[in-house]
>>> print(open('target-v6.csv').read())   # CSV, C-alpha atoms
chain,number,residue,atom,x,y,z
A,30,MET,CA,-7.8,29.3,52.4
A,31,SER,CA,-9.6,32.6,51.7
A,32,ASN,CA,-9.5,34.0,48.2
A,33,ALA,CA,-7.3,36.8,49.2
A,34,ASN,CA,-4.8,34.4,50.7
A,35,ALA,CA,-5.0,32.2,47.6
A,36,VAL,CA,-4.3,35.1,45.3
A,37,LYS,CA,-1.4,36.1,47.6
A,38,SER,CA,0.0,32.6,47.3
A,39,ILE,CA,-0.2,32.7,43.5
A,40,LYS,CA,1.5,36.1,43.4
A,41,SER,CA,4.3,34.7,45.6
A,42,LYS,CA,4.8,31.8,43.2
A,43,LEU,CA,4.9,34.1,40.2
A,44,ALA,CA,7.4,36.3,41.9
A,45,GLY,CA,9.5,33.2,42.6
A,46,LEU,CA,9.4,32.3,38.9
A,47,LYS,CA,10.6,35.8,38.0
A,48,ARG,CA,13.6,35.4,40.4
A,49,ARG,CA,14.4,31.9,39.2
A,50,ARG,CA,18.1,31.2,38.6
A,51,ARG,CA,18.5,27.4,39.0
A,52,PHE,CA,18.9,25.7,35.6
A,53,ILE,CA,16.2,23.3,34.4
A,54,ASP,CA,17.9,20.5,32.5
A,55,TYR,CA,16.4,18.5,29.7
A,56,TYR,CA,15.1,15.7,31.9
A,57,GLU,CA,13.4,18.1,34.3
A,58,SER,CA,11.7,20.1,31.6
A,59,GLY,CA,8.6,17.9,31.2
A,60,PRO,CA,7.7,17.7,34.9
A,61,TYR,CA,8.5,21.4,35.3
A,62,ALA,CA,6.1,22.2,32.4
A,63,ARG,CA,3.4,20.3,34.2
A,64,ARG,CA,3.9,22.3,37.4
A,65,LEU,CA,3.6,25.5,35.3
A,66,GLU,CA,0.3,24.2,33.9
A,67,SER,CA,-0.9,23.4,37.4
A,68,LEU,CA,-0.2,27.0,38.4
A,69,LEU,CA,-2.3,28.2,35.4
A,70,ASP,CA,-5.1,25.9,36.6
A,71,GLU,CA,-4.8,27.4,40.1
A,72,ILE,CA,-5.2,30.9,38.6
A,73,HIS,CA,-8.3,29.9,36.8
A,74,ARG,CA,-9.8,28.5,40.0
A,75,VAL,CA,-8.9,31.4,42.2
A,76,ALA,CA,-9.6,34.4,40.0
A,77,GLU,CA,-12.8,36.1,41.1
A,78,SER,CA,-13.3,38.3,38.0
A,79,PRO,CA,-12.1,38.3,34.4
A,80,ARG,CA,-9.9,41.3,35.1
A,81,GLN,CA,-8.2,39.6,38.0
A,82,GLY,CA,-7.7,36.5,35.8
A,83,VAL,CA,-6.1,38.5,33.0
A,84,GLU,CA,-3.8,40.3,35.5
A,85,LEU,CA,-2.6,37.1,37.0
A,86,VAL,CA,-2.1,35.3,33.7
A,87,ALA,CA,-0.3,38.4,32.3
A,88,VAL,CA,2.2,38.2,35.2
A,89,PHE,CA,2.6,34.5,34.5
A,90,ILE,CA,3.4,35.2,30.9
A,91,GLN,CA,6.0,37.8,32.0
A,92,THR,CA,7.9,35.0,33.7
A,93,ASP,CA,8.8,33.5,30.4
A,94,SER,CA,12.3,35.1,30.1
A,95,ALA,CA,13.3,34.0,33.6
A,96,VAL,CA,12.1,30.4,33.1
A,97,LEU,CA,13.1,29.8,29.5
A,98,GLY,CA,16.4,31.7,30.0
A,99,HIS,CA,17.4,29.1,32.5
A,100,ALA,CA,16.2,25.9,30.9
A,101,ASP,CA,17.0,23.3,28.3
A,102,ASP,CA,13.7,23.3,26.5
A,103,SER,CA,14.8,21.2,23.5
A,104,ASN,CA,11.5,19.3,23.5
A,105,GLY,CA,9.5,22.5,23.6
A,106,SER,CA,7.4,21.5,26.6
A,107,ILE,CA,8.0,24.6,28.7
A,108,GLY,CA,7.7,26.9,25.7
A,109,ASP,CA,4.3,25.3,24.9
A,110,VAL,CA,3.0,26.2,28.3
A,111,TYR,CA,3.6,29.8,27.5
A,112,ARG,CA,2.7,29.6,23.9
A,113,ILE,CA,-0.5,27.5,24.2
A,114,PHE,CA,-1.8,27.0,27.7
A,115,ALA,CA,-1.1,30.5,29.0
A,116,CYS,CA,-2.5,32.0,25.8
A,117,ASP,CA,-5.7,29.9,26.2
A,118,SER,CA,-6.0,30.9,29.8
A,119,PHE,CA,-5.5,34.6,28.9
A,120,VAL,CA,-8.2,34.4,26.2
A,121,ARG,CA,-10.6,32.6,28.5
A,122,HIS,CA,-10.5,35.5,31.0
A,123,ALA,CA,-10.0,38.3,28.4
A,124,SER,CA,-13.1,37.3,26.4
A,125,GLU,CA,-15.2,38.0,29.4
A,126,CYS,CA,-13.5,41.3,30.2
A,127,GLU,CA,-15.5,44.4,29.3
A,128,ASP,CA,-12.7,47.0,29.5
A,129,LYS,CA,-11.2,46.5,26.0
A,130,GLU,CA,-9.0,49.6,26.2
A,131,TRP,CA,-7.3,48.2,29.3
A,132,LEU,CA,-7.0,44.8,27.6
A,133,TYR,CA,-5.5,46.4,24.5
A,134,ASN,CA,-2.8,48.0,26.5
A,135,ILE,CA,-2.0,44.8,28.4
A,136,VAL,CA,-1.6,42.8,25.2
A,137,LEU,CA,0.5,45.5,23.6
A,138,LYS,CA,2.8,45.7,26.5
A,139,LEU,CA,3.2,41.9,26.6
A,140,PHE,CA,3.9,41.6,22.9
A,141,MET,CA,6.4,44.5,22.8
A,142,ASN,CA,8.5,42.7,25.4
A,143,ASP,CA,8.5,39.2,23.8
A,144,GLU,CA,12.1,38.1,24.1
A,145,PHE,CA,11.6,34.4,23.4
A,146,GLY,CA,8.9,34.6,20.7
A,147,VAL,CA,6.3,32.7,22.8
A,148,ARG,CA,3.8,35.6,23.0
A,149,ASP,CA,2.8,35.8,19.4
A,150,SER,CA,-0.1,33.4,20.1
A,151,LEU,CA,-1.7,36.3,22.0
A,152,ILE,CA,-1.8,38.3,18.8
A,153,ALA,CA,-3.0,35.2,16.8
A,154,ALA,CA,-6.0,35.0,19.2
A,155,ALA,CA,-6.6,38.7,19.6
A,156,ALA,CA,-9.9,38.8,17.6
A,157,ARG,CA,-11.4,36.5,20.3
A,158,PHE,CA,-11.3,39.3,22.9
A,159,LEU,CA,-10.7,42.6,21.1
A,160,PRO,CA,-13.0,44.4,18.6
A,161,GLU,CA,-12.0,45.2,15.0
A,162,SER,CA,-11.3,48.8,15.9
A,163,HIS,CA,-8.6,47.8,18.4
A,164,LEU,CA,-7.1,45.3,16.0
A,165,ARG,CA,-6.8,48.0,13.3
A,166,ARG,CA,-5.3,50.3,15.8
A,167,MET,CA,-2.8,47.7,16.7
A,168,VAL,CA,-1.8,47.3,13.1
A,169,ASP,CA,-1.3,51.1,12.9
A,170,GLU,CA,1.1,50.9,15.9
A,171,PHE,CA,3.0,47.9,14.5
A,172,TRP,CA,3.8,49.4,11.1
A,173,PRO,CA,6.3,52.2,12.3
A,174,LEU,CA,7.8,49.8,14.9
A,175,GLY,CA,8.7,47.4,12.0
A,176,GLU,CA,10.0,50.1,9.8
A,177,LYS,CA,12.4,51.5,12.3
A,178,GLU,CA,13.9,48.1,13.2
A,179,ALA,CA,17.4,47.6,11.8
A,180,GLY,CA,17.6,43.9,12.3
A,181,GLU,CA,15.7,41.6,9.9
A,182,LEU,CA,14.4,39.3,12.6
A,183,LYS,CA,13.0,42.1,14.7
A,184,ARG,CA,11.3,43.5,11.6
A,185,TYR,CA,9.8,40.1,11.0
A,186,HIS,CA,8.4,40.2,14.6
A,187,TRP,CA,6.1,43.1,13.8
A,188,TYR,CA,5.2,42.2,10.2
A,189,LEU,CA,4.3,38.7,11.1
A,190,ALA,CA,2.0,40.1,13.8
A,191,ILE,CA,0.3,42.3,11.2
A,192,GLU,CA,-0.1,39.2,9.0
A,193,SER,CA,-1.7,37.4,11.9
A,194,ILE,CA,-4.1,40.2,12.6
A,195,ALA,CA,-4.9,40.5,8.8
A,196,LYS,CA,-6.0,36.9,8.8
A,197,GLN,CA,-8.3,37.5,11.7
A,198,LEU,CA,-9.7,40.6,10.1
A,199,LYS,CA,-10.2,38.6,6.8
A,200,ASP,CA,-8.2,41.4,5.1
A,201,PRO,CA,-6.1,39.8,2.3
A,202,LEU,CA,-4.8,43.1,1.0
A,203,LEU,CA,-3.4,43.9,4.4
A,204,PHE,CA,-1.9,40.4,4.6
A,205,GLU,CA,-0.3,40.9,1.2
A,206,LYS,CA,1.1,44.3,2.1
A,207,ALA,CA,2.7,42.9,5.3
A,208,SER,CA,4.2,40.0,3.4
A,209,ARG,CA,5.8,42.3,0.9
A,210,ALA,CA,7.1,44.5,3.7
A,211,ARG,CA,8.6,41.4,5.4
A,212,ARG,CA,10.4,40.3,2.2
A,213,PRO,CA,10.0,42.3,-1.1
A,214,GLU,CA,11.2,39.3,-3.1
A,215,LEU,CA,8.3,37.0,-2.2
A,216,SER,CA,9.2,33.4,-1.5
A,217,THR,CA,7.3,30.3,-2.6
A,218,ALA,CA,6.0,30.0,1.0
A,219,ALA,CA,4.8,33.6,0.8
A,220,HIS,CA,2.9,33.0,-2.5
A,221,ARG,CA,1.2,30.1,-0.9
A,222,ASN,CA,0.3,31.9,2.3
A,223,ILE,CA,-1.1,34.9,0.4
A,224,ALA,CA,-3.1,32.6,-1.8
A,225,GLU,CA,-4.5,30.8,1.2
A,226,VAL,CA,-5.7,34.0,2.8
A,227,TYR,CA,-7.3,35.2,-0.4
A,228,PHE,CA,-9.1,31.8,-0.7
A,229,GLU,CA,-10.2,31.8,2.9
A,230,CYS,CA,-11.6,35.3,2.5
A,231,GLY,CA,-13.7,34.3,-0.5
A,232,TYR,CA,-11.4,35.2,-3.4
A,233,PRO,CA,-10.6,31.9,-5.1
A,234,LEU,CA,-9.7,33.5,-8.5
A,235,VAL,CA,-7.1,35.8,-6.9
A,236,ALA,CA,-5.8,32.8,-4.9
A,237,LEU,CA,-5.4,30.9,-8.1
A,238,GLN,CA,-3.4,33.7,-9.7
A,239,TRP,CA,-1.0,33.8,-6.7
A,240,LEU,CA,-0.5,30.0,-6.8
A,241,ASP,CA,0.1,30.1,-10.6
A,242,LYS,CA,2.9,32.6,-10.0
A,243,VAL,CA,5.1,29.8,-8.6
A,244,SER,CA,7.1,27.9,-11.2
A,245,PRO,CA,5.8,24.4,-12.0
A,246,GLU,CA,9.3,23.1,-11.4
A,247,GLU,CA,9.4,24.5,-7.8
A,248,THR,CA,9.4,21.5,-5.4
A,249,PHE,CA,9.4,23.5,-2.1
A,250,GLN,CA,6.1,23.1,-0.3
A,251,LEU,CA,4.8,21.3,-3.3
A,252,ASP,CA,2.3,19.2,-1.4
A,253,GLU,CA,1.0,22.1,0.6
A,254,ARG,CA,0.6,24.2,-2.5
A,255,GLU,CA,-1.2,21.4,-4.4
A,256,GLN,CA,-3.5,20.7,-1.5
A,257,LEU,CA,-4.6,24.4,-1.5
A,258,LEU,CA,-4.7,24.5,-5.3
A,259,LEU,CA,-7.1,21.5,-5.3
A,260,LYS,CA,-9.5,23.4,-3.0
A,261,VAL,CA,-9.2,26.5,-5.2
A,262,LEU,CA,-9.9,24.6,-8.4
A,263,THR,CA,-12.8,22.7,-6.9
A,264,GLU,CA,-14.3,26.0,-5.7
A,265,LEU,CA,-13.9,27.5,-9.2
A,266,GLY,CA,-15.4,24.4,-10.9
A,267,GLU,CA,-12.2,23.6,-12.9
A,268,LYS,CA,-12.8,19.9,-12.9
A,269,GLY,CA,-10.2,18.8,-15.4
A,270,ARG,CA,-7.3,20.6,-13.8
A,271,ALA,CA,-8.6,19.6,-10.3
A,272,GLU,CA,-8.4,15.9,-11.4
A,273,ASP,CA,-4.8,16.3,-12.5
A,274,ILE,CA,-3.8,17.9,-9.2
A,275,ALA,CA,-5.7,15.2,-7.2
A,276,TRP,CA,-3.9,12.5,-9.0
A,277,SER,CA,-0.6,14.3,-8.4
A,278,ILE,CA,-1.3,14.5,-4.7
A,279,PHE,CA,-2.3,10.9,-4.5
A,280,ARG,CA,0.6,9.4,-6.4
A,281,ARG,CA,3.2,11.4,-4.6
A,282,PHE,CA,2.3,9.7,-1.3
A,283,ARG,CA,-0.3,7.0,-1.7
A,284,SER,CA,-2.6,6.6,1.4
A,285,GLU,CA,-6.2,5.8,2.1
A,286,ALA,CA,-6.8,9.5,3.1
A,287,ARG,CA,-5.4,10.7,-0.2
A,288,LEU,CA,-7.4,8.1,-2.1
A,289,SER,CA,-10.5,9.5,-0.5
A,290,LEU,CA,-9.5,13.0,-1.6
A,291,LEU,CA,-8.9,11.7,-5.2
A,292,LEU,CA,-12.3,10.0,-5.3
A,293,SER,CA,-14.0,13.1,-4.0
A,294,VAL,CA,-12.9,14.7,-7.3
A,295,ILE,CA,-13.2,11.8,-9.8
A,296,GLY,CA,-16.1,10.0,-8.3
A,297,GLU,CA,-16.5,7.2,-5.7
A,298,ALA,CA,-17.5,4.8,-8.5
A,299,GLU,CA,-13.9,4.8,-9.6
A,300,ARG,CA,-12.6,3.3,-6.3
A,301,GLN,CA,-12.1,-0.3,-7.2
A,302,ARG,CA,-10.6,0.6,-10.6
A,303,VAL,CA,-8.1,3.0,-9.0
A,304,ILE,CA,-7.1,0.6,-6.3
A,305,ASP,CA,-6.5,-2.3,-8.8
A,306,ASP,CA,-4.6,0.0,-11.2
A,307,GLU,CA,-2.4,1.4,-8.4
A,308,ALA,CA,-1.7,-2.1,-7.0
A,309,ARG,CA,-0.5,-3.2,-10.4
A,310,ALA,CA,1.7,-0.1,-10.7
A,311,ILE,CA,3.2,-0.7,-7.3
A,312,ALA,CA,3.9,-4.4,-8.2
A,313,GLN,CA,5.8,-3.2,-11.4
A,314,SER,CA,7.9,-0.7,-9.6
A,315,PRO,CA,11.5,-1.9,-9.0
A,316,GLY,CA,12.3,-0.5,-5.5
A,317,LEU,CA,10.8,-1.2,-2.1
A,318,ASP,CA,8.9,1.9,-1.0
A,319,HIS,CA,7.6,2.0,2.5
A,320,VAL,CA,4.7,4.2,1.5
A,321,ASN,CA,3.5,1.6,-1.0
A,322,VAL,CA,3.6,-1.1,1.6
A,323,ALA,CA,1.6,1.0,4.1
A,324,PHE,CA,-0.9,1.9,1.4
A,325,LEU,CA,-1.5,-1.8,0.4
A,326,LEU,CA,-1.9,-2.7,4.1
A,327,GLU,CA,-4.3,0.1,4.8
A,328,LEU,CA,-6.5,-1.2,2.0
A,329,GLU,CA,-6.1,-4.8,3.2
A,330,ARG,CA,-4.5,-5.8,-0.1
A,331,PHE,CA,-2.5,-8.4,1.8
A,332,ASP,CA,-1.7,-10.7,-1.2
A,333,ASP,CA,-0.3,-7.7,-3.1
A,334,ALA,CA,1.7,-6.5,-0.1
A,335,GLU,CA,3.1,-10.0,0.6
A,336,ARG,CA,4.3,-10.5,-2.9
A,337,TYR,CA,5.7,-6.9,-3.1
A,338,ILE,CA,7.9,-7.5,0.0
A,339,GLU,CA,8.9,-11.1,-0.8
A,340,GLU,CA,10.1,-10.0,-4.2
A,341,ARG,CA,12.2,-7.2,-2.7
A,342,SER,CA,13.2,-8.9,0.5
A,343,GLY,CA,16.9,-8.0,-0.1
A,344,GLN,CA,15.9,-4.3,0.1
A,345,LEU,CA,14.4,-4.5,3.6
A,346,ASP,CA,16.4,-2.4,6.1
A,347,GLY,CA,15.7,-3.4,9.7
A,348,ASP,CA,17.0,0.0,10.8
A,349,TYR,CA,13.5,1.3,9.9
A,350,TYR,CA,12.1,-0.4,13.1
A,351,TYR,CA,9.0,1.8,13.4
A,352,GLN,CA,7.8,0.9,10.0
A,353,LEU,CA,8.8,-2.8,9.8
A,354,LEU,CA,7.6,-4.1,13.1
A,355,PRO,CA,4.0,-3.1,12.6
A,356,TRP,CA,4.1,-4.8,9.1
A,357,ALA,CA,5.5,-8.0,10.7
A,358,LYS,CA,2.8,-8.1,13.3
A,359,THR,CA,0.1,-7.5,10.7
A,360,PHE,CA,1.3,-10.3,8.5
A,361,GLU,CA,1.6,-12.6,11.5
A,362,LYS,CA,-1.9,-11.8,12.5
A,363,GLN,CA,-3.1,-12.6,9.0
A,364,GLY,CA,-1.3,-16.0,9.1
A,365,ARG,CA,1.2,-15.0,6.5
A,366,PHE,CA,4.2,-16.4,8.4
A,367,LEU,CA,6.8,-16.4,5.7
A,368,VAL,CA,6.7,-12.7,4.9
A,369,ALA,CA,6.4,-12.0,8.7
A,370,SER,CA,9.6,-14.1,9.2
A,371,ILE,CA,11.4,-12.2,6.4
A,372,ILE,CA,10.7,-8.9,8.1
A,373,TYR,CA,11.7,-10.2,11.6
A,374,ARG,CA,14.9,-11.4,10.1
A,375,ALA,CA,15.6,-7.9,8.8
A,376,LEU,CA,15.0,-6.4,12.2
A,377,LEU,CA,17.2,-9.0,13.9
A,378,GLU,CA,20.0,-8.5,11.4
A,379,SER,CA,19.9,-4.8,11.9
A,380,ILE,CA,20.5,-5.2,15.7
A,381,LEU,CA,23.3,-7.7,15.3
A,382,ARG,CA,25.0,-5.6,12.6
A,383,ARG,CA,25.0,-2.5,14.9
A,384,ALA,CA,26.5,-4.7,17.7
A,385,LYS,CA,25.0,-2.6,20.5
A,386,SER,CA,24.4,-4.8,23.4
A,387,LYS,CA,21.6,-2.6,24.9
A,388,TYR,CA,19.4,-3.6,21.9
A,389,TYR,CA,20.1,-7.4,22.2
A,390,THR,CA,17.0,-7.9,24.3
A,391,TYR,CA,15.0,-7.0,21.2
A,392,GLY,CA,17.1,-9.2,19.0
A,393,VAL,CA,16.6,-12.1,21.2
A,394,ARG,CA,12.9,-11.4,21.1
A,395,TYR,CA,12.9,-11.5,17.3
A,396,LEU,CA,14.9,-14.7,17.1
A,397,ARG,CA,12.5,-16.4,19.4
A,398,LYS,CA,9.6,-15.1,17.3
A,399,LEU,CA,11.3,-16.7,14.3
A,400,ASP,CA,11.6,-20.0,16.3
A,401,ASP,CA,7.8,-19.8,16.9
A,402,LEU,CA,6.9,-19.0,13.3
A,403,ALA,CA,9.1,-21.6,11.6
A,404,PRO,CA,6.9,-24.7,12.2
A,405,HIS,CA,4.0,-22.9,10.4
A,406,ILE,CA,6.0,-22.5,7.2
A,407,ASP,CA,6.0,-25.4,4.7
A,408,ASP,CA,7.3,-23.5,1.6
A,409,TRP,CA,10.2,-21.1,2.1
A,410,ASP,CA,9.9,-20.0,-1.5
A,411,GLY,CA,13.7,-19.7,-2.1
A,412,GLN,CA,14.5,-18.2,1.3
A,413,PRO,CA,16.8,-20.2,3.6
A,414,ASP,CA,14.7,-22.3,6.0
A,415,HIS,CA,14.9,-21.5,9.7
A,416,ASP,CA,17.6,-24.1,10.6
A,417,ASP,CA,19.9,-23.0,7.8
A,418,TYR,CA,19.2,-19.4,8.7
A,419,LYS,CA,20.2,-19.9,12.3
A,420,VAL,CA,23.4,-21.8,11.3
A,421,ASN,CA,24.5,-18.9,9.1
A,422,LEU,CA,23.5,-16.4,11.7
A,423,ARG,CA,25.7,-18.1,14.3
A,424,LEU,CA,28.6,-18.3,12.0
A,425,GLU,CA,28.3,-14.6,11.0
A,426,HIS,CA,27.8,-13.4,14.5
A,427,LYS,CA,29.7,-16.0,16.6
A,428,LEU,CA,31.7,-13.3,18.5
A,429,LYS,CA,28.6,-11.7,19.9
A,430,ARG,CA,28.6,-13.9,22.9
A,431,SER,CA,26.4,-11.6,25.0
A,432,PHE,CA,23.6,-12.0,22.5
A,433,TRP,CA,23.8,-15.8,22.3
A,434,ALA,CA,24.0,-16.0,26.1
A,435,ARG,CA,20.8,-14.1,26.4
A,436,TYR,CA,19.1,-16.1,23.7
A,437,GLU,CA,20.1,-19.5,25.3
A,438,GLY,CA,19.6,-18.4,28.9
>>> encode(input="target-v6.csv", output="structure tokens")
Amino acid sequence: MSNANAVKSIKSKLAGLKRRRRFIDYYESGPYARRLESLLDEIHRVAESPRQGVELVAVFIQTDSAVLGHADDSNGSIGDVYRIFACDSFVRHASECEDKEWLYNIVLKLFMNDEFGVRDSLIAAAARFLPESHLRRMVDEFWPLGEKEAGELKRYHWYLAIESIAKQLKDPLLFEKASRARRPELSTAAHRNIAEVYFECGYPLVALQWLDKVSPEETFQLDEREQLLLKVLTELGEKGRAEDIAWSIFRRFRSEARLSLLLSVIGEAERQRVIDDEARAIAQSPGLDHVNVAFLLELERFDDAERYIEERSGQLDGDYYYQLLPWAKTFEKQGRFLVASIIYRALLESILRRAKSKYYTYGVRYLRKLDDLAPHIDDWDGQPDHDDYKVNLRLEHKLKRSFWARYEG
């Protein structure tokens, strides 16, 4: 096929998307999104010049209303094609396009007609294909558009765009001005965002001042704020306060990654002491915390994790399948069959308690796993042995005939 015919074919497909009326249901959305991605790939292959590529992708982006307006995009797969893949394609062609004034007008037109909020990514990437003078001009055009909007959401549309451009220009004062225009009473999130821009632009002291404006009792975005605060304090050389924040971040959600972050502040030589102290603190805590189990397993503290779970076996909730099953498999692999059995029991009991036959296949699998593990356990450490457990299980769930038929079949 000649290039002219290939371009004609693409334009025909784009026109078809604009005329689209048939509804795309939830189950079709994934495959449909992949077809849209293929069309973008086709544009990239066919376009003979950056300008032609921009023109075709711009038309593709303009199909968003017709497509998203007739789709159940609950999983966001179609929206992501426009927000991410189409933007990347546009940037790829636009960055090679020399006519910046023409580009500027294309982007402005696209953004001014953004009905579904998927074109903001073009503004977020504008510095990759437009010079500073055009970005400043865009800001000057957006201010009056935001001021004249009566609706709050539409005002946000313009002020958020100015914030996005300000970040690209590394202009924290402009970012702060846009944030204040968007909401005069600045929220906790706004304080953090402003602080982040000042920090990224090389003003850590101003960033600290903005972070310190938030009340210490405020819990919203606490983790995000403290992560940023730690960077700021480290940059300013405030070691004592940085250590306090690093400990706060670590103990709020223990993990190997956060341990590494803590050690980067207090020193790698403290690793073993910290791990031992935290293992003792976890052992002394009354409740079963999934984060603590994951932390102990990450660090291969299998003895500590085993005792922690066995002592709190009554608190295991098999409904948390995605957490518990990996634990069971890890302990089984380590030859710790009792604690693995305790976890498999919790998973099995969750399925039988819910009494949904579509999950019985998994329950049968867990019970057979318990059958396999039982001969390897000599000391049940106060837990009912396997035979007693199965007797009690049959008595409690004797009416679930479908389950037992599958197990014995």
>>> residues_around(input="target-v6.csv", residues="Asp318 of chain A", least_positions_apart="6", cutoff="10 Å", atoms="only C-alpha atoms", output="VMD selection string")
chain A and resid 311 337 to 338 341 344 to 345
>>> residues_around(input="target-v6.csv", residues="Tyr111 of chain A", least_positions_apart="5", cutoff="9 Å", atoms="only C-alpha atoms", output="ChimeraX atom specification")
/A:65,89-90,93,116,147-148
>>> write_last_selection(input="target-v6.csv", atoms="C-alpha atoms", output="compact mmCIF listing (two decimals), keeping the file's coordinate frame")
# COMPACT_ATOMS: atom_id res chain seq x y z
CA LEU A 65 3.60 25.50 35.30
CA PHE A 89 2.60 34.50 34.50
CA ILE A 90 3.40 35.20 30.90
CA ASP A 93 8.80 33.50 30.40
CA CYS A 116 -2.50 32.00 25.80
CA VAL A 147 6.30 32.70 22.80
CA ARG A 148 3.80 35.60 23.00
>>> residues_near_point(input="target-v6.csv", point="(-4.2, 29.8, 34.3)", cutoff="7 Å", atoms="all atoms listed in the file", output="VMD selection string")
chain A and resid 68 to 73 86 115 118
>>> residues_around(input="target-v6.csv", residues="segment 262-264 of chain A", least_positions_apart="3", cutoff="9 Å", atoms="all atoms listed in the file", output="PyMOL selection string")
chain A and resi 233-234+237+257-259+267-268+270-271+294
>>> atom_distance(input="target-v6.csv", atom1="atom CA of Arg209 of chain A", atom2="atom CA of Arg184 of chain A")
12.1 Å
>>> residues_around(input="target-v6.csv", residues="Asp252 of chain A", least_positions_apart="4", cutoff="9 Å", atoms="only C-alpha atoms", output="JSON, numbers by chain")
{"A": [248, 256, 257, 278, 281]}
>>> atom_distance(input="target-v6.csv", atom1="atom CA of Ala95 of chain A", atom2="atom CA of Asp117 of chain A")
20.8 Å
>>> closest_residue(input="target-v6.csv", among="A:Val136, A:Leu353, A:Leu399, A:Leu428", to="Ser379 of chain A", atoms="all atoms listed in the file")
A:Leu353
>>> closest_residue(input="target-v6.csv", among="A:Asn321, A:Gln412, A:Asn32, A:Thr359", to="Arg309 of chain A", atoms="only C-alpha atoms")
A:Asn321
>>> atom_distance(input="target-v6.csv", atom1="atom CA of Ser103 of chain A", atom2="atom CA of Lys47 of chain A")
21.0 Å
>>> closest_residue(input="target-v6.csv", among="A:Glu214, A:Glu307, A:Asp143, A:Glu205", to="Ala236 of chain A", atoms="all atoms listed in the file")
A:Glu205
>>> closest_residue(input="target-v6.csv", among="A:Cys126, A:Leu203, A:Leu381, A:Leu402", to="Val168 of chain A", atoms="only C-alpha atoms")
A:Leu203
>>> residues_near_point(input="target-v6.csv", point="(4.3, 27.2, 2.4)", cutoff="7 Å", atoms="only C-alpha atoms", output="list of chain:residue names")
A:Thr217, A:Ala218, A:Ala219, A:Arg221, A:Asn222, A:Gln250, A:Glu253, A:Arg254
>>> closest_residue(input="target-v6.csv", among="A:Leu422, A:Val83, A:Ala153, A:Leu396", to="His122 of chain A", atoms="all atoms listed in the file")
A:Val83
>>> residues_around(input="target-v6.csv", residues="Lys385 of chain A", least_positions_apart="6", cutoff="12 Å", atoms="only C-alpha atoms", output="JSON, numbers by chain")
{"A": [378, 379, 391, 392, 429, 431, 432]}
>>> closest_residue(input="target-v6.csv", among="A:Ala76, A:Ala298, A:Ala207, A:Ile107", to="Ala35 of chain A", atoms="all atoms listed in the file")
A:Ala76
